[in-house]
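Enquirer: The structure file my_file01.tsv (TSV, C-alpha atoms and all ligand atoms) is provided below.
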chain	number	residue	atom	x	y	z
A	3	MET	CA	0.00	0.00	0.00
A	4	THR	CA	2.70	2.50	1.09
A	5	LYS	CA	4.95	1.43	-1.76
A	6	ASN	CA	2.10	2.05	-4.21
A	7	PHE	CA	1.44	5.44	-2.69
A	8	VAL	CA	5.08	6.52	-3.05
A	9	LEU	CA	5.18	5.21	-6.59
A	10	ARG	CA	2.04	7.13	-7.47
A	11	LYS	CA	3.52	10.34	-6.02
A	12	LEU	CA	6.66	9.89	-8.09
A	13	MET	CA	4.66	9.17	-11.21
A	14	ARG	CA	2.31	12.11	-10.77
A	15	PRO	CA	4.02	14.61	-13.13
A	16	TRP	CA	4.12	11.90	-15.77
A	17	ASP	CA	0.45	11.09	-15.13
A	18	ASP	CA	-0.46	14.77	-15.42
A	19	PHE	CA	1.38	14.97	-18.72
A	20	LEU	CA	-0.32	11.85	-20.05
A	21	ASN	CA	-3.65	13.15	-18.86
A	22	LEU	CA	-3.10	16.26	-20.95
A	23	LEU	CA	-2.36	14.22	-24.06
A	24	PHE	CA	-4.91	11.50	-23.49
A	25	PRO	CA	-7.55	12.77	-21.08
A	26	ARG	CA	-8.98	10.03	-18.89
A	27	LEU	CA	-12.70	9.75	-19.27
A	28	CYS	CA	-15.34	9.12	-16.64
A	29	LEU	CA	-16.46	5.48	-16.96
A	30	ALA	CA	-20.09	6.47	-16.48
A	31	CYS	CA	-20.57	9.64	-18.59
A	32	ASN	CA	-17.47	9.69	-20.85
A	33	GLU	CA	-16.52	13.27	-19.88
A	34	PRO	CA	-12.86	13.98	-18.97
A	35	VAL	CA	-12.07	13.49	-15.28
A	36	ALA	CA	-9.52	15.43	-13.20
A	37	PHE	CA	-6.40	13.64	-11.95
A	38	ASP	CA	-7.74	13.52	-8.39
A	39	GLU	CA	-11.04	11.99	-9.43
A	40	ALA	CA	-10.95	8.23	-9.64
A	41	HIS	CA	-12.80	6.30	-12.36
A	42	ILE	CA	-16.05	8.17	-11.98
A	43	CYS	CA	-16.40	11.96	-12.08
A	44	LEU	CA	-17.79	13.81	-9.07
A	45	ASP	CA	-21.09	14.54	-10.84
A	46	CYS	CA	-21.66	10.87	-11.59
A	47	GLN	CA	-20.57	9.89	-8.10
A	48	ALA	CA	-23.41	12.04	-6.84
A	49	LEU	CA	-25.95	11.07	-9.51
A	50	LEU	CA	-25.47	7.34	-10.18
A	51	PRO	CA	-28.61	5.66	-8.84
A	52	GLU	CA	-27.63	3.75	-5.69
A	53	THR	CA	-30.28	1.31	-4.49
A	54	ASP	CA	-29.59	1.54	-0.73
A	55	PHE	CA	-30.93	-2.04	-0.57
A	56	HIS	CA	-28.28	-2.90	2.01
A	57	LEU	CA	-30.17	-0.81	4.56
A	58	SER	CA	-33.09	-3.27	4.73
A	59	LYS	CA	-33.06	-7.02	5.26
A	60	ILE	CA	-36.14	-7.31	3.06
A	61	ASN	CA	-36.02	-5.31	-0.17
A	62	ASP	CA	-36.78	-5.51	-3.91
A	63	PHE	CA	-33.79	-7.81	-4.41
A	64	THR	CA	-34.80	-10.38	-1.77
A	65	ALA	CA	-38.43	-10.09	-2.94
A	66	ARG	CA	-37.48	-11.51	-6.35
A	67	PHE	CA	-36.50	-14.82	-4.70
A	68	GLU	CA	-39.47	-15.05	-2.35
A	69	GLY	CA	-41.02	-18.50	-2.44
A	70	ARG	CA	-38.21	-19.76	-4.70
A	71	LEU	CA	-35.08	-19.71	-2.59
A	72	PRO	CA	-34.17	-18.99	1.06
A	73	VAL	CA	-32.04	-15.81	0.93
A	74	GLU	CA	-30.71	-14.35	4.20
A	75	ALA	CA	-29.96	-10.92	2.74
A	76	ALA	CA	-29.30	-9.40	-0.69
A	77	ALA	CA	-28.18	-6.01	-1.97
A	78	ALA	CA	-26.97	-4.27	-5.11
A	79	LEU	CA	-24.97	-1.05	-5.32
A	80	PHE	CA	-26.61	0.55	-8.39
A	81	PHE	CA	-29.81	0.33	-10.38
A	82	PHE	CA	-29.26	-0.74	-13.97
A	83	THR	CA	-31.37	0.36	-16.91
A	84	LYS	CA	-30.63	0.19	-20.63
A	85	LYS	CA	-28.59	3.10	-22.05
A	86	SER	CA	-27.99	4.43	-18.52
A	87	LYS	CA	-24.74	5.60	-16.99
A	88	THR	CA	-24.67	2.43	-14.92
A	89	GLN	CA	-24.80	0.37	-18.12
A	90	HIS	CA	-21.96	2.42	-19.59
A	91	LEU	CA	-19.91	1.89	-16.43
A	92	ILE	CA	-20.44	-1.89	-16.45
A	93	HIS	CA	-19.61	-2.11	-20.16
A	94	GLN	CA	-16.39	-0.20	-19.58
A	95	ILE	CA	-15.43	-2.56	-16.74
A	96	LYS	CA	-16.19	-5.70	-18.78
A	97	TYR	CA	-15.17	-4.83	-22.30
A	98	GLN	CA	-12.55	-2.09	-21.81
A	99	ASP	CA	-10.79	-3.87	-18.94
A	100	LYS	CA	-11.48	-1.26	-16.28
A	101	ARG	CA	-11.11	-3.86	-13.57
A	102	GLU	CA	-9.67	-1.38	-11.03
A	103	ALA	CA	-13.05	0.37	-11.05
A	104	ALA	CA	-14.80	-2.91	-10.14
A	105	PHE	CA	-12.31	-3.40	-7.31
A	106	ASP	CA	-12.77	0.14	-5.95
A	107	LEU	CA	-16.56	-0.10	-6.14
A	108	GLY	CA	-16.31	-3.39	-4.20
A	109	ARG	CA	-14.28	-1.68	-1.49
A	110	TYR	CA	-16.77	1.19	-1.40
A	111	TYR	CA	-19.82	-1.08	-1.08
A	112	GLY	CA	-18.03	-3.34	1.42
A	113	GLN	CA	-17.77	-0.38	3.79
A	114	LYS	CA	-21.52	0.12	3.60
A	115	LEU	CA	-22.33	-3.59	4.07
A	116	LEU	CA	-20.00	-3.78	7.04
A	117	GLN	CA	-22.29	-1.47	9.00
A	118	GLN	CA	-25.40	-3.60	8.50
A	119	PRO	CA	-26.32	-6.27	11.08
A	120	HIS	CA	-27.77	-8.58	8.39
A	121	PHE	CA	-24.42	-8.82	6.57
A	122	GLN	CA	-22.37	-9.91	9.60
A	123	GLY	CA	-20.55	-13.20	10.09
A	124	ILE	CA	-20.14	-14.13	6.41
A	125	ASP	CA	-17.63	-17.00	5.99
A	126	TYR	CA	-16.85	-16.82	2.25
A	127	LEU	CA	-17.39	-14.56	-0.71
A	128	ILE	CA	-18.03	-16.67	-3.80
A	129	PRO	CA	-17.97	-14.85	-7.15
A	130	VAL	CA	-20.24	-16.29	-9.84
A	131	PRO	CA	-17.72	-18.34	-11.82
A	132	MET	CA	-16.98	-17.72	-15.46
A	133	HIS	CA	-16.30	-20.57	-17.86
A	134	ILE	CA	-12.55	-21.05	-18.29
A	135	LYS	CA	-12.72	-20.37	-22.04
A	136	LYS	CA	-14.46	-17.05	-21.52
A	137	ARG	CA	-12.14	-16.14	-18.67
A	138	ILE	CA	-9.08	-16.68	-20.82
A	139	GLN	CA	-10.69	-14.63	-23.58
A	140	ARG	CA	-11.50	-11.67	-21.28
A	141	GLY	CA	-8.49	-12.11	-19.01
A	142	PHE	CA	-10.47	-11.62	-15.82
A	143	ASN	CA	-13.82	-12.27	-14.17
A	144	GLN	CA	-15.40	-8.94	-13.22
A	145	ALA	CA	-17.51	-10.59	-10.48
A	146	GLU	CA	-14.30	-11.89	-8.91
A	147	ILE	CA	-12.64	-8.45	-9.03
A	148	PHE	CA	-15.70	-6.84	-7.43
A	149	ALA	CA	-15.60	-9.63	-4.77
A	150	ASN	CA	-11.91	-8.90	-4.13
A	151	GLY	CA	-12.79	-5.28	-3.40
A	152	LEU	CA	-15.63	-6.33	-1.07
A	153	SER	CA	-13.24	-8.76	0.61
A	154	GLU	CA	-10.78	-6.02	1.45
A	155	THR	CA	-13.25	-4.00	3.50
A	156	LEU	CA	-15.42	-6.86	4.79
A	157	ASN	CA	-12.33	-8.86	5.73
A	158	VAL	CA	-13.90	-12.07	4.45
A	159	PRO	CA	-11.95	-14.42	2.14
A	160	VAL	CA	-12.89	-14.93	-1.51
A	161	ASN	CA	-13.18	-18.56	-2.60
A	162	THR	CA	-12.93	-19.09	-6.34
A	163	SER	CA	-12.40	-22.85	-6.34
A	164	VAL	CA	-15.40	-24.33	-4.52
A	165	LEU	CA	-17.87	-23.36	-7.26
A	166	THR	CA	-16.96	-23.81	-10.90
A	167	LYS	CA	-18.68	-23.48	-14.23
A	168	ILE	CA	-18.49	-26.67	-16.22
A	169	LYS	CA	-19.80	-25.63	-19.59
A	170	ALA	CA	-20.27	-22.35	-21.37
A	171	THR	CA	-23.81	-21.05	-21.09
A	172	GLU	CA	-25.62	-20.87	-24.39
A	173	THR	CA	-26.96	-17.46	-25.23
A	174	GLN	CA	-29.77	-16.70	-22.78
A	175	THR	CA	-31.62	-13.97	-24.59
A	176	LYS	CA	-34.02	-16.11	-26.62
A	177	LYS	CA	-34.91	-18.42	-23.73
A	178	THR	CA	-37.88	-18.31	-21.40
A	179	ARG	CA	-37.27	-17.75	-17.67
A	180	LEU	CA	-37.72	-21.47	-16.94
A	181	GLU	CA	-35.32	-22.48	-19.70
A	182	ARG	CA	-32.76	-19.97	-18.42
A	183	LEU	CA	-33.08	-21.37	-14.91
A	184	LYS	CA	-32.59	-24.94	-16.13
A	185	ASN	CA	-29.60	-23.84	-18.17
A	186	ALA	CA	-27.99	-22.09	-15.16
A	187	GLU	CA	-28.53	-25.06	-12.83
A	188	ASP	CA	-26.82	-27.41	-15.25
A	189	VAL	CA	-23.61	-25.46	-15.47
A	190	PHE	CA	-22.47	-24.85	-11.88
A	191	HIS	CA	-20.57	-27.53	-10.05
A	192	LEU	CA	-19.48	-27.79	-6.41
A	193	THR	CA	-15.92	-29.12	-6.09
A	194	ASP	CA	-16.00	-29.60	-2.31
A	195	LYS	CA	-19.16	-31.20	-0.92
A	196	THR	CA	-18.55	-30.33	2.75
A	197	LEU	CA	-16.70	-26.98	2.91
A	198	LEU	CA	-19.85	-24.86	2.84
A	199	ARG	CA	-21.85	-26.93	5.34
A	200	ASP	CA	-23.49	-24.59	7.92
A	201	LYS	CA	-21.54	-21.66	6.48
A	202	LYS	CA	-22.79	-18.20	5.55
A	203	ILE	CA	-21.78	-17.53	1.98
A	204	LEU	CA	-22.16	-14.39	-0.06
A	205	ILE	CA	-22.49	-15.01	-3.79
A	206	VAL	CA	-21.20	-12.04	-5.79
A	207	ASP	CA	-22.03	-11.04	-9.38
A	208	ASP	CA	-21.80	-7.97	-11.58
A	209	VAL	CA	-25.41	-7.52	-12.71
A	210	MET	CA	-28.57	-9.22	-11.45
A	211	THR	CA	-31.16	-9.39	-14.23
A	212	SER	CA	-33.54	-12.37	-14.15
A	213	GLY	CA	-31.80	-13.83	-11.10
A	214	ALA	CA	-31.43	-17.19	-12.89
A	215	THR	CA	-27.63	-17.22	-12.56
A	216	LEU	CA	-27.64	-16.44	-8.83
A	217	GLU	CA	-30.41	-18.97	-8.30
A	218	GLY	CA	-28.46	-21.59	-10.27
A	219	CYS	CA	-25.36	-21.02	-8.12
A	220	ALA	CA	-27.35	-21.15	-4.87
A	221	ASN	CA	-29.25	-24.27	-5.88
A	222	SER	CA	-26.13	-26.18	-6.85
A	223	ILE	CA	-24.71	-25.39	-3.38
A	224	LEU	CA	-27.95	-26.13	-1.48
A	225	ALA	CA	-28.33	-29.44	-3.31
A	226	GLU	CA	-25.15	-30.66	-1.56
A	227	THR	CA	-25.28	-28.68	1.68
A	228	PRO	CA	-28.84	-27.58	2.47
A	229	THR	CA	-27.70	-25.92	5.73
A	230	THR	CA	-25.63	-23.28	3.91
A	231	LYS	CA	-26.97	-19.74	4.39
A	232	ILE	CA	-27.16	-17.79	1.14
A	233	TYR	CA	-26.48	-14.04	0.68
A	234	PHE	CA	-26.27	-12.14	-2.62
A	235	VAL	CA	-24.48	-8.91	-3.53
A	236	THR	CA	-24.17	-7.46	-7.03
A	237	LEU	CA	-22.70	-4.33	-8.51
A	238	ALA	CA	-26.03	-3.51	-10.16
A	239	ILE	CA	-29.59	-4.76	-10.41
A	240	ALA	CA	-31.81	-4.38	-13.47
A	241	LYS	CA	-34.92	-2.37	-12.74
A	242	THR	CA	-38.12	-4.27	-13.29
A	243	THR	CA	-40.45	-2.43	-15.62
A	301	ZN	ZN	-19.23	11.17	-15.12
Written as structure tokens, that's how I'd like the structure from this file.
Expert:
Amino acid sequence: MTKNFVLRKLMRPWDDFLNLLFPRLCLACNEPVAFDEAHICLDCQALLPETDFHLSKINDFTARFEGRLPVEAAAALFFFTKKSKTQHLIHQIKYQDKREAAFDLGRYYGQKLLQQPHFQGIDYLIPVPMHIKKRIQRGFNQAEIFANGLSETLNVPVNTSVLTKIKATETQTKKTRLERLKNAEDVFHLTDKTLLRDKKILIVDDVMTSGATLEGCANSILAETPTTKIYFVTLAIAKTT
């Protein structure tokens, strides 16, 4: 940490110079950001729609799993709608390799979750796994990077080996909800059948849309260890229309 800080101080004139030549752009609105601003400009930091779901044990996120899955608590940092700044931000993270932003947002949201009684005592953070082929292609799993940020402030370890993805998901867009659910359940595999017994685990993803992926992960865990307590946290949640 200190070493990084010193290095950044030394590099600052060079950074300023580069910034002049190639202005860094806000990942949410695409406007140039000042050196001191991180990945998101101050305007967007104030305006990006935060859900505040973490403040209540029962919220619109948990409601989507009611009667389908026992969820202890669930929260998302931002609301996600098409063509929104949140969508732009997530696209930049995924397709322009802005993984540091995912990490920093994880740290930021971890601080908020830490203060909530219903997010205490978590044993593991488990990012939704990405198929190995896709991971090699992209070079990173954004859910894992977001989980690493959460881990730093929550002080809970990330486990990337206990849950794996065994085949690439076919494109989900033309499928019905039931088909999507079936598809998601097929692909997740638990490598250790006892590790998560009686544990509180927080499954982490980038965007929650239909919930089929999170449900698929949770069900493949609960099928082996029904006493595991399930929590969900995502970077964003799609607004239901
Ligand atoms: Zn902005």
Enquirer: Which one is closest to ligand ZN 301 (chain A): A:Ala36, A:Cys46, A:Leu204, A:Val189? Count all atoms listed in the file.
Expert: A:Cys46
Enquirer: Using all atoms listed in the file, which protein or nucleic acid residues come within 12 Å of region 47-49 of chain A? Drop anything in the same chain fewer than 2 positions from it, and give the result as a list in words.
Expert: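 These residues fall inside the cut-off: Cys28, Leu29, Ala30, Cys31, Val35, Glu39, Ala40, His41, Ile42, Cys43, Leu44, Asp45, Pro51, Glu52, Thr53, Phe80, Phe81, Ser86, Lys87, Thr88, Leu91, Leu107 and Tyr110 of chain A.
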Enquirer: Can you work out which one of A:Ser58, A:Gln117, A:Ser222, A:Thr236 has the shortest atom-to-atom distance to Ile147 (chain A), counting all atoms listed in the file?
Expert: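 Nearest candidate to Ile147 (chain A) out of A:Ser58, A:Gln117, A:Ser222, A:Thr236: A:Thr236.
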Enquirer: Determine, counting all atoms listed in the file, which protein, DNA and RNA residues have an atom within 9 Å of an atom of Lys169 (chain A); residues of the same chain fewer than 4 positions away are not included. Present the result as JSON, numbers by chain.
Expert: {"A": [133, 134, 188, 189, 190]}
Enquirer: Please provide as a PyMOL selection string all residues within 8 Å of His56 (chain A), with the sequence filter that same-chain residues fewer than 4 positions apart are discarded (counting only C-alpha atoms).
Expert: chain A and resi 76-78+114-115+118
Enquirer: State, in Å with one decimal place, the distance from CA of Lys100 (chain A) to CA of Ala75 (chain A).
Expert: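 Value for the CA of Lys100 (chain A)-CA of Ala75 (chain A) distance: 28.2 Å.
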Enquirer: Which distance in Å separates CA of Leu71 (chain A) and CA of Pro129 (chain A), to one decimal?
Expert: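 Interatomic distance here is 18.4 Å.
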Enquirer: Quote the spacing between CA of Leu127 (chain A) and CA of Leu152 (chain A) in Å to one decimal place.
Expert: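 For CA of Leu127 (chain A) relative to CA of Leu152 (chain A), the distance reads 8.4 Å.
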Enquirer: For Arg70 (chain A), which of A:Asn221, A:Ile138, A:Glu33, A:Gln98 is the closest residue, counting only C-alpha atoms?
Expert: A:Asn221
Enquirer: Show me as a VMD selection string the residues that reach within 8 Å of (-32.2, -1.6, -16.0), counting only C-alpha atoms and using the file's own coordinates.
Expert: chain A and resid 81 to 84 86 89 239 to 242
Enquirer: When you look at Tyr233 (chain A) with a cut-off of 10 Å (counting only C-alpha atoms), what residues show up, excluding the ones that are within fewer than 2 positions of it in the same chain? I need them as a list of chain:residue names.
Expert: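 Once the adjacent positions are removed, what remains is A:Thr64, A:Pro72, A:Val73, A:Glu74, A:Ala75, A:Ala76, A:Ala77, A:His120, A:Phe121, A:Ile124, A:Leu127, A:Ile128, A:Lys202, A:Ile203, A:Leu204, A:Ile205, A:Val206, A:Leu216, A:Ala220, A:Thr230, A:Lys231, A:Val235.
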Enquirer: Which is closer to ligand ZN 301 (chain A) than all the others in A:Gly141, A:Gly213, A:Pro34, A:Pro25, using all atoms listed in the file?
Expert: A:Pro34
